[in-house]
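Student: Encoded as structure tokens, here's the structure I'll be asking about.
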Amino acid sequence: MPQDLPDDLFEYLVDDPDTQGGLSDDAAAVEPGSFLRHVLSLSGSKIADGLIDPKLVLSWLLTSLGAGAFWTGLLVPVRESGALLPQLFTTPVITRQTIRKWFWAGGAFVQGICAILIAVAALTLDGNAAGAVIVGLLAVLALARSVCSASYKDVLGKTVGKSRRGTATGAASTAASVGVIVFALILLTGIGDRYAVVIAALLLAGGFWIGGAAIFATLREQPSTGDAARSIGWDQFRLLREDPQLMRFIVVRSLLVGTALAPPYFVLLNPDSGFGQLGALVLASAIASLLSSYVWGRLSDRSSRRVLLYAGLAGGGVLSVVALLDWLGGIGAPGVIPLALFGLMIAYNGVRQGRSTHLVDMADAADRAPYTALSNTVVGVVLFAAGAAFAGIASVSVPLVIALFAVMCWTASALSLGLNEVQDDA
């Protein structure tokens with residue numbers, strides 16, 4: 001890598017490259033290289049996420065293997081909740097270490113191995129056996145992801161300065177979108193055997209995770225010193241009472257889960273959406289991420305509170321339009337569902353960028369890990385409970401579920417007005 005490349009990219013991508021952003025002198029001295037490593041490793045992880053998407057890709061794979069609705073129905077709850085719920089228990093192990101990059105690198109490596117094993121299982125098994133093994137591997141992948149999530153924000157806070165963290169994650173999301181768009185176009189054009197394309201995507205996802213792990217391991221992370229992180233466990237629920245801003249943030253984030261849970265219900269509105277629409281939906285999601293992630297990241301560095309506000313408004317607007325179109329009988333028109341998903345994914349990327357940047361910037365070094373663990377665990381419970389509840393409501397009325405998601409987004413936007421402008425402390 002040319003010596004000046006990290007410095008040049010850093011100065012080009014961020015607004016204020018000359019400020020220290022709360023970093024130690026040693027961390028600030030190598031920040032351009034750290035910034036680039038974050039972008040590269042996170043890009044690999046995000047591309048892998050898109051290639052193995054349980055909502056679309058793995059659901060199609062299990063259906064083609066004859067695994068049945070039971071195993072297919074477990075994919076999203078296992079993936080989403082499994083990545084969040086364990087963090088209250090995995091974070092104490094992480095915070096006892098002075099160097100924490102190895103947890104993200106190790107978690108990414110395990111995810112890569114699981115993706116490869118899922119491809120192997122798909123090639124050698126079918127029926128319920130395939131369903132059980134693939135869902136089990138996805139559970140291990142989700143647990144490894146929880147380790148990555150619990151460690152990442154703390155490492156990001158130690159190696160990239162405030163007002164530049166959202167830009168790093170946003171740039172990674174934008175770069176990753178290009179790879180997912182290529183995958184979507186291959187699905188749309190029908191190049192090669194469909195089953196072979198999906199298997200190749202799973203193997204490639206494994207490679208991207210392993211490559212991202214290798215890059216992340218080269219970060220020059222400074223050891224944690226001075227203020228020790230708070231002990232983490234069940235007693236950390238008292239933080240919800242002690243810090244009203246944390247409580248409000250978690251409520252806002254929990255109400256915005258509809259942007260993540262709604263896509264499968266879009267498909268249910270128009271069941272005649274075979275493999276061809278899979279490509280259209282993957283493409284819509286990837287283009288939305290490409291166009292919005294970097295912008296949301298830059299906006300988050302200026303005001304993550306406003307990003308949560310705007311993302312909630314956008315999500316509520318899209319979901320309301322979808323519910324209205326279904327009531328009017330226009331939801332089955334060609335291109336309507338992919339277009340609606342495109343709009344919703346713009347909002348979803350805003351939620352992801354806003355919540356990540358807000359949590360990192362609202363907490364100091366000692367509080368960052370327990371705040372992250374508590375927030376993710378609570379939201380994991382909400383995701384699991386909401387997923388089950390809305391699945392039951394959907395058996396009566398899918399449009400009602402979408403309308404409820406819209407109400408949740410509108411409510412989150414209103415509540416976000418009471419969040420602090422945490423970037424003002426930069």
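Identifiers for the structure tokens are assigned positionally: chains receive A, B, ... in sequence, residues are indexed from 1 per chain, and ligands are indexed from 1 in the order shown.
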Pick out the residues sitting within 12 Å of Leu328 of chain A, and hand them over as a ChimeraX atom specification; count only C-alpha atoms, and ignore anything fewer than 6 positions along from it in its own chain.

Tutor: /A:321-322,399

Student: Could you take the residues named above and write them with N, CA, C and O atoms, as a PDB file, in the first residue's frame?

Tutor:
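See again-v7.pdb below for the written result:
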```
ATOM      1  N   VAL A 321     -47.422   4.529   2.945  1.00  0.00           N
ATOM      2  CA  VAL A 321     -47.784   4.457   1.529  1.00  0.00           C
ATOM      3  C   VAL A 321     -48.054   3.013   1.116  1.00  0.00           C
ATOM      4  O   VAL A 321     -49.013   2.738   0.364  1.00  0.00           O
ATOM      5  N   VAL A 322     -47.242   2.083   1.591  1.00  0.00           N
ATOM      6  CA  VAL A 322     -47.450   0.671   1.248  1.00  0.00           C
ATOM      7  C   VAL A 322     -48.800   0.183   1.774  1.00  0.00           C
ATOM      8  O   VAL A 322     -49.557  -0.495   1.051  1.00  0.00           O
ATOM      9  N   PRO A 399     -51.396  -6.143   5.949  1.00  0.00           N
ATOM     10  CA  PRO A 399     -51.381  -4.672   5.902  1.00  0.00           C
ATOM     11  C   PRO A 399     -51.462  -4.032   7.285  1.00  0.00           C
ATOM     12  O   PRO A 399     -50.877  -2.966   7.507  1.00  0.00           O
TER      13      PRO A 399
END
```

Student: Pull the closest atom pair for each residue of segment 308-410 of chain A that gets at most 8 Å from segment 86-96 of chain A, along with the distance in Å to one decimal, counting only C-alpha atoms, ordering rows by chain and then ascending residue number, as CSV.

Tutor:
```
residue,atom,partner,partner_atom,distance
A:Ala369,CA,A:Thr91,CA,6.9
A:Pro370,CA,A:Thr91,CA,7.4
A:Ala373,CA,A:Leu88,CA,5.0
A:Leu374,CA,A:Leu88,CA,6.0
A:Asn376,CA,A:Gln87,CA,6.8
A:Thr377,CA,A:Gln87,CA,6.0
```

Student: For the residues in the current selection, export N, CA, C and O atoms as a compact mmCIF listing (two decimals), in the first residue's frame.

Tutor:
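The resulting file, again37.txt, is reproduced below:
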```txt
# COMPACT_ATOMS: atom_id res chain seq x y z
N ALA A 369 -18.82 0.25 26.34
CA ALA A 369 -19.09 -1.18 26.23
C ALA A 369 -20.38 -1.59 26.95
O ALA A 369 -21.21 -2.30 26.37
N PRO A 370 -20.61 -1.16 28.23
CA PRO A 370 -21.87 -1.54 28.87
C PRO A 370 -23.09 -0.93 28.20
O PRO A 370 -24.15 -1.56 28.12
N ALA A 373 -23.71 -3.11 25.12
CA ALA A 373 -24.24 -4.43 25.48
C ALA A 373 -25.68 -4.35 25.94
O ALA A 373 -26.53 -5.15 25.53
N LEU A 374 -25.97 -3.38 26.81
CA LEU A 374 -27.34 -3.25 27.32
C LEU A 374 -28.31 -2.89 26.19
O LEU A 374 -29.39 -3.48 26.07
N ASN A 376 -28.04 -3.40 22.93
CA ASN A 376 -28.23 -4.50 21.99
C ASN A 376 -29.04 -5.64 22.59
O ASN A 376 -29.84 -6.28 21.90
N THR A 377 -28.84 -5.92 23.88
CA THR A 377 -29.61 -7.00 24.51
C THR A 377 -31.09 -6.64 24.58
O THR A 377 -31.96 -7.46 24.26
```

Student: May I ask for the distance between atom CA of Ser413 of chain A and atom CA of Gly312 of chain A, given in Å to one decimal place?

Tutor: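 Distance reported for this atom pair: 5.0 Å.
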
Student: Could you pull the residues within 10 Å of Leu117 of chain A, counting only C-alpha atoms, minus those fewer than 3 positions along the same chain, as a list in words?

Tutor: Gln111, Gly112, Ile113, Cys114, Val120, Ala121, Ala122, Leu123, Val133, Ile134, Leu137, Leu138, Leu202, Leu203 and Gly206 of chain A

Student: Filtering to N, CA, C and O atoms, could you give me those residues as a PDB file, in the first residue's frame?

Tutor:
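Result went into again-v7.pdb, see below:
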```pdb
ATOM      1  N   GLN A 111     -17.586 -16.300  11.495  1.00  0.00           N
ATOM      2  CA  GLN A 111     -18.687 -16.103  10.551  1.00  0.00           C
ATOM      3  C   GLN A 111     -18.315 -16.627   9.163  1.00  0.00           C
ATOM      4  O   GLN A 111     -19.136 -17.236   8.469  1.00  0.00           O
ATOM      5  N   GLY A 112     -17.073 -16.373   8.768  1.00  0.00           N
ATOM      6  CA  GLY A 112     -16.621 -16.865   7.467  1.00  0.00           C
ATOM      7  C   GLY A 112     -16.643 -18.378   7.393  1.00  0.00           C
ATOM      8  O   GLY A 112     -17.096 -18.954   6.389  1.00  0.00           O
ATOM      9  N   ILE A 113     -16.173 -19.038   8.439  1.00  0.00           N
ATOM     10  CA  ILE A 113     -16.186 -20.500   8.462  1.00  0.00           C
ATOM     11  C   ILE A 113     -17.614 -21.023   8.420  1.00  0.00           C
ATOM     12  O   ILE A 113     -17.932 -21.993   7.713  1.00  0.00           O
ATOM     13  N   CYS A 114     -18.524 -20.390   9.160  1.00  0.00           N
ATOM     14  CA  CYS A 114     -19.930 -20.816   9.164  1.00  0.00           C
ATOM     15  C   CYS A 114     -20.554 -20.664   7.782  1.00  0.00           C
ATOM     16  O   CYS A 114     -21.333 -21.529   7.342  1.00  0.00           O
ATOM     17  N   VAL A 120     -21.431 -25.991   2.222  1.00  0.00           N
ATOM     18  CA  VAL A 120     -21.161 -27.431   2.203  1.00  0.00           C
ATOM     19  C   VAL A 120     -22.421 -28.220   2.567  1.00  0.00           C
ATOM     20  O   VAL A 120     -22.752 -29.235   1.932  1.00  0.00           O
ATOM     21  N   ALA A 121     -23.151 -27.752   3.587  1.00  0.00           N
ATOM     22  CA  ALA A 121     -24.383 -28.423   3.985  1.00  0.00           C
ATOM     23  C   ALA A 121     -25.405 -28.400   2.854  1.00  0.00           C
ATOM     24  O   ALA A 121     -26.115 -29.401   2.617  1.00  0.00           O
ATOM     25  N   ALA A 122     -25.486 -27.279   2.141  1.00  0.00           N
ATOM     26  CA  ALA A 122     -26.439 -27.178   1.035  1.00  0.00           C
ATOM     27  C   ALA A 122     -26.081 -28.125  -0.106  1.00  0.00           C
ATOM     28  O   ALA A 122     -26.968 -28.593  -0.837  1.00  0.00           O
ATOM     29  N   LEU A 123     -24.801 -28.428  -0.250  1.00  0.00           N
ATOM     30  CA  LEU A 123     -24.363 -29.334  -1.307  1.00  0.00           C
ATOM     31  C   LEU A 123     -24.517 -30.803  -0.938  1.00  0.00           C
ATOM     32  O   LEU A 123     -24.568 -31.667  -1.824  1.00  0.00           O
ATOM     33  N   VAL A 133     -29.300 -28.250  10.100  1.00  0.00           N
ATOM     34  CA  VAL A 133     -27.869 -27.944  10.101  1.00  0.00           C
ATOM     35  C   VAL A 133     -27.630 -26.482   9.725  1.00  0.00           C
ATOM     36  O   VAL A 133     -26.831 -25.775  10.366  1.00  0.00           O
ATOM     37  N   ILE A 134     -28.327 -25.993   8.715  1.00  0.00           N
ATOM     38  CA  ILE A 134     -28.106 -24.614   8.270  1.00  0.00           C
ATOM     39  C   ILE A 134     -28.582 -23.621   9.324  1.00  0.00           C
ATOM     40  O   ILE A 134     -27.901 -22.621   9.606  1.00  0.00           O
ATOM     41  N   LEU A 137     -25.978 -23.660  12.053  1.00  0.00           N
ATOM     42  CA  LEU A 137     -24.786 -22.899  11.674  1.00  0.00           C
ATOM     43  C   LEU A 137     -25.066 -21.398  11.695  1.00  0.00           C
ATOM     44  O   LEU A 137     -24.200 -20.601  12.073  1.00  0.00           O
ATOM     45  N   LEU A 138     -26.274 -21.021  11.310  1.00  0.00           N
ATOM     46  CA  LEU A 138     -26.643 -19.607  11.359  1.00  0.00           C
ATOM     47  C   LEU A 138     -26.672 -19.102  12.800  1.00  0.00           C
ATOM     48  O   LEU A 138     -26.312 -17.948  13.071  1.00  0.00           O
ATOM     49  N   LEU A 202     -22.346 -17.901  -1.138  1.00  0.00           N
ATOM     50  CA  LEU A 202     -22.070 -18.287   0.249  1.00  0.00           C
ATOM     51  C   LEU A 202     -20.574 -18.492   0.475  1.00  0.00           C
ATOM     52  O   LEU A 202     -20.020 -18.062   1.489  1.00  0.00           O
ATOM     53  N   LEU A 203     -19.916 -19.141  -0.477  1.00  0.00           N
ATOM     54  CA  LEU A 203     -18.471 -19.361  -0.352  1.00  0.00           C
ATOM     55  C   LEU A 203     -17.720 -18.032  -0.412  1.00  0.00           C
ATOM     56  O   LEU A 203     -16.756 -17.816   0.338  1.00  0.00           O
ATOM     57  N   GLY A 206     -17.935 -16.230   2.850  1.00  0.00           N
ATOM     58  CA  GLY A 206     -16.947 -16.743   3.790  1.00  0.00           C
ATOM     59  C   GLY A 206     -15.584 -16.122   3.565  1.00  0.00           C
ATOM     60  O   GLY A 206     -14.889 -15.737   4.519  1.00  0.00           O
TER      61      GLY A 206
END
```

Student: Would you mind reading off the distance between atom CA of Ala29 of chain A and atom CA of Phe109 of chain A, one decimal, in Å?

Tutor: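 Going from atom CA of Ala29 of chain A over to atom CA of Phe109 of chain A covers 28.3 Å.
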
Student: Between atom CA of Gly170 of chain A and atom CA of Ser293 of chain A, what is the distance in Å, rounded to a tenth?

Tutor: 4.8 Å

Student: Give me the residues of segment 352-409 of chain A that have any atom at most 8 Å from an atom of segment 144-155 of chain A; for each, the nearest atom pair and the distance in Å, rounded to one decimal. Use only C-alpha atoms, sort by chain and number, and format it as JSON lines.

Tutor:
```
{"residue": "A:Ser356", "atom": "CA", "partner": "A:Lys153", "partner_atom": "CA", "distance": 7.7}
{"residue": "A:Val360", "atom": "CA", "partner": "A:Lys153", "partner_atom": "CA", "distance": 6.3}
{"residue": "A:Ala365", "atom": "CA", "partner": "A:Asp154", "partner_atom": "CA", "distance": 7.6}
{"residue": "A:Arg368", "atom": "CA", "partner": "A:Asp154", "partner_atom": "CA", "distance": 6.3}
{"residue": "A:Ala369", "atom": "CA", "partner": "A:Asp154", "partner_atom": "CA", "distance": 6.3}
{"residue": "A:Thr372", "atom": "CA", "partner": "A:Ala150", "partner_atom": "CA", "distance": 6.5}
{"residue": "A:Ala373", "atom": "CA", "partner": "A:Ala150", "partner_atom": "CA", "distance": 6.2}
```

Student: How about saving the chosen residues, N, CA, C and O atoms kept, as a PDB file, in the first residue's frame?

Tutor:
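Ended up saving to out-v3.pdb:
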```
ATOM      1  N   SER A 356     -25.771   3.761  15.552  1.00  0.00           N
ATOM      2  CA  SER A 356     -24.390   3.381  15.855  1.00  0.00           C
ATOM      3  C   SER A 356     -23.572   4.596  16.279  1.00  0.00           C
ATOM      4  O   SER A 356     -22.884   4.572  17.311  1.00  0.00           O
ATOM      5  N   VAL A 360     -22.033   5.518  20.184  1.00  0.00           N
ATOM      6  CA  VAL A 360     -20.590   5.694  20.407  1.00  0.00           C
ATOM      7  C   VAL A 360     -20.294   7.082  20.958  1.00  0.00           C
ATOM      8  O   VAL A 360     -19.500   7.255  21.884  1.00  0.00           O
ATOM      9  N   ALA A 365     -15.421   6.538  27.407  1.00  0.00           N
ATOM     10  CA  ALA A 365     -14.702   5.271  27.225  1.00  0.00           C
ATOM     11  C   ALA A 365     -15.138   4.204  28.210  1.00  0.00           C
ATOM     12  O   ALA A 365     -15.240   3.018  27.873  1.00  0.00           O
ATOM     13  N   ARG A 368     -18.907   3.007  27.202  1.00  0.00           N
ATOM     14  CA  ARG A 368     -19.245   2.612  25.838  1.00  0.00           C
ATOM     15  C   ARG A 368     -19.607   1.134  25.731  1.00  0.00           C
ATOM     16  O   ARG A 368     -20.608   0.769  25.100  1.00  0.00           O
ATOM     17  N   ALA A 369     -18.816   0.254  26.338  1.00  0.00           N
ATOM     18  CA  ALA A 369     -19.088  -1.179  26.232  1.00  0.00           C
ATOM     19  C   ALA A 369     -20.382  -1.588  26.947  1.00  0.00           C
ATOM     20  O   ALA A 369     -21.212  -2.299  26.371  1.00  0.00           O
ATOM     21  N   THR A 372     -23.394  -0.301  24.993  1.00  0.00           N
ATOM     22  CA  THR A 372     -23.608  -1.084  23.780  1.00  0.00           C
ATOM     23  C   THR A 372     -24.248  -2.429  24.100  1.00  0.00           C
ATOM     24  O   THR A 372     -25.216  -2.848  23.453  1.00  0.00           O
ATOM     25  N   ALA A 373     -23.713  -3.112  25.119  1.00  0.00           N
ATOM     26  CA  ALA A 373     -24.239  -4.430  25.481  1.00  0.00           C
ATOM     27  C   ALA A 373     -25.679  -4.347  25.941  1.00  0.00           C
ATOM     28  O   ALA A 373     -26.531  -5.147  25.528  1.00  0.00           O
TER      29      ALA A 373
END
```

Student: Residues near segment 157-168 of chain A, anyone? I mean within 7 Å using only C-alpha atoms, not counting same-chain ones fewer than 3 positions away, as a VMD selection string.

Tutor: chain A and resid 14 20 to 23 27 31 34 to 35 38 to 39 153 to 154 171 to 172 221 294 297 to 298 300 to 302 353 357 360 to 361 426

Student: Residues within 12 Å of segment 246-252 of chain A, please, as a ChimeraX atom specification. Count only C-alpha atoms; anything in the same chain fewer than 4 positions from it doesn't count.

Tutor: /A:236-242,256-258,304-305,307-309,311-312,351,354-363,367-368,370-382,408-422

Student: Can you tell me which residues surround Leu404 of chain A at a distance of at most 12 Å, considering only C-alpha atoms, apart from same-chain residues fewer than 2 positions away, and format the answer as a ChimeraX atom specification?

Tutor: /A:255-259,261-262,315-316,319-320,322-323,386,389-390,393-394,397-402,406-411

Student: Go ahead and write the residues just picked, N, CA, C and O atoms, as a compact mmCIF listing (two decimals), in the first residue's frame.

Tutor:
```txt
# COMPACT_ATOMS: atom_id res chain seq x y z
N LEU A 255 -38.37 1.19 18.70
CA LEU A 255 -39.52 1.51 17.86
C LEU A 255 -39.16 1.49 16.37
O LEU A 255 -40.03 1.30 15.52
N LEU A 256 -37.89 1.68 16.07
CA LEU A 256 -37.46 1.69 14.67
C LEU A 256 -37.14 0.30 14.12
O LEU A 256 -36.72 0.18 12.97
N VAL A 257 -37.37 -0.77 14.92
CA VAL A 257 -37.09 -2.12 14.41
C VAL A 257 -38.01 -2.49 13.26
O VAL A 257 -37.72 -3.43 12.50
N GLY A 258 -39.11 -1.76 13.11
CA GLY A 258 -40.00 -2.04 11.98
C GLY A 258 -39.31 -1.90 10.64
O GLY A 258 -39.67 -2.60 9.68
N THR A 259 -38.30 -1.02 10.54
CA THR A 259 -37.58 -0.89 9.28
C THR A 259 -36.80 -2.15 8.94
O THR A 259 -36.50 -2.41 7.77
N LEU A 261 -37.84 -5.35 10.25
CA LEU A 261 -38.77 -6.48 10.22
C LEU A 261 -39.75 -6.44 9.06
O LEU A 261 -40.34 -7.46 8.71
N ALA A 262 -39.94 -5.28 8.45
CA ALA A 262 -41.00 -5.13 7.44
C ALA A 262 -40.74 -5.82 6.10
O ALA A 262 -41.70 -6.28 5.47
N GLY A 315 -39.07 6.14 7.12
CA GLY A 315 -39.63 4.80 7.28
C GLY A 315 -41.12 4.82 7.48
O GLY A 315 -41.86 4.03 6.87
N GLY A 316 -41.59 5.73 8.33
CA GLY A 316 -43.02 5.85 8.55
C GLY A 316 -43.76 6.22 7.28
O GLY A 316 -44.86 5.72 7.01
N LEU A 319 -43.83 3.09 4.82
CA LEU A 319 -44.72 2.05 5.33
C LEU A 319 -46.19 2.48 5.22
O LEU A 319 -47.06 1.67 4.91
N SER A 320 -46.46 3.75 5.46
CA SER A 320 -47.82 4.26 5.34
C SER A 320 -48.30 4.17 3.89
O SER A 320 -49.45 3.79 3.63
N VAL A 322 -47.24 2.08 1.59
CA VAL A 322 -47.45 0.67 1.25
C VAL A 322 -48.80 0.18 1.77
O VAL A 322 -49.56 -0.49 1.05
N ALA A 323 -49.11 0.50 3.02
CA ALA A 323 -50.40 0.10 3.58
C ALA A 323 -51.56 0.71 2.79
O ALA A 323 -52.57 0.05 2.52
N ALA A 386 -41.23 -8.88 19.17
CA ALA A 386 -41.99 -8.22 18.11
C ALA A 386 -42.13 -9.12 16.89
O ALA A 386 -43.21 -9.17 16.27
N ALA A 389 -44.85 -11.59 17.75
CA ALA A 389 -46.17 -10.95 17.84
C ALA A 389 -46.69 -10.54 16.47
O ALA A 389 -47.86 -10.80 16.14
N PHE A 390 -45.85 -9.93 15.68
CA PHE A 390 -46.31 -9.47 14.37
C PHE A 390 -46.55 -10.63 13.41
O PHE A 390 -47.40 -10.53 12.51
N ILE A 393 -50.05 -11.51 14.21
CA ILE A 393 -50.98 -10.53 13.64
C ILE A 393 -51.08 -10.69 12.13
O ILE A 393 -52.15 -10.53 11.53
N ALA A 394 -49.96 -11.04 11.49
CA ALA A 394 -49.95 -11.19 10.03
C ALA A 394 -50.86 -12.31 9.56
O ALA A 394 -51.34 -12.29 8.42
N SER A 397 -53.94 -10.14 9.27
CA SER A 397 -53.85 -9.04 8.30
C SER A 397 -52.42 -8.56 8.16
O SER A 397 -51.87 -7.96 9.09
N VAL A 398 -51.81 -8.80 7.00
CA VAL A 398 -50.46 -8.30 6.73
C VAL A 398 -50.43 -6.77 6.64
O VAL A 398 -49.53 -6.13 7.21
N PRO A 399 -51.40 -6.14 5.95
CA PRO A 399 -51.38 -4.67 5.90
C PRO A 399 -51.46 -4.03 7.28
O PRO A 399 -50.88 -2.97 7.51
N LEU A 400 -52.17 -4.68 8.23
CA LEU A 400 -52.23 -4.15 9.59
C LEU A 400 -50.84 -4.13 10.23
O LEU A 400 -50.47 -3.16 10.91
N VAL A 401 -50.06 -5.17 10.00
CA VAL A 401 -48.70 -5.22 10.53
C VAL A 401 -47.88 -4.06 9.98
O VAL A 401 -47.17 -3.36 10.72
N ILE A 402 -47.97 -3.84 8.68
CA ILE A 402 -47.21 -2.75 8.05
C ILE A 402 -47.65 -1.40 8.59
O ILE A 402 -46.83 -0.51 8.85
N ALA A 406 -45.49 1.47 10.69
CA ALA A 406 -45.47 2.90 10.35
C ALA A 406 -45.71 3.75 11.60
O ALA A 406 -45.01 4.75 11.83
N VAL A 407 -46.68 3.35 12.41
CA VAL A 407 -46.97 4.09 13.64
C VAL A 407 -45.75 4.09 14.56
O VAL A 407 -45.41 5.10 15.19
N MET A 408 -45.07 2.96 14.65
CA MET A 408 -43.87 2.87 15.48
C MET A 408 -42.79 3.84 15.00
O MET A 408 -42.13 4.51 15.80
N CYS A 409 -42.62 3.94 13.68
CA CYS A 409 -41.61 4.86 13.13
C CYS A 409 -41.97 6.31 13.42
O CYS A 409 -41.10 7.11 13.80
N TRP A 410 -43.24 6.66 13.24
CA TRP A 410 -43.67 8.03 13.54
C TRP A 410 -43.41 8.35 15.01
O TRP A 410 -42.94 9.44 15.35
N THR A 411 -43.71 7.41 15.88
CA THR A 411 -43.52 7.62 17.32
C THR A 411 -42.04 7.79 17.65
O THR A 411 -41.65 8.65 18.46
```

Student: Out of A:Ala286, A:Ala142, A:Ala130, A:Leu291, which residue has the shortest atom-to-atom distance to Leu341 of chain A when counting only C-alpha atoms?

Tutor: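 Of A:Ala286, A:Ala142, A:Ala130, A:Leu291, the one nearest Leu341 of chain A is A:Ala286, counting only C-alpha atoms.
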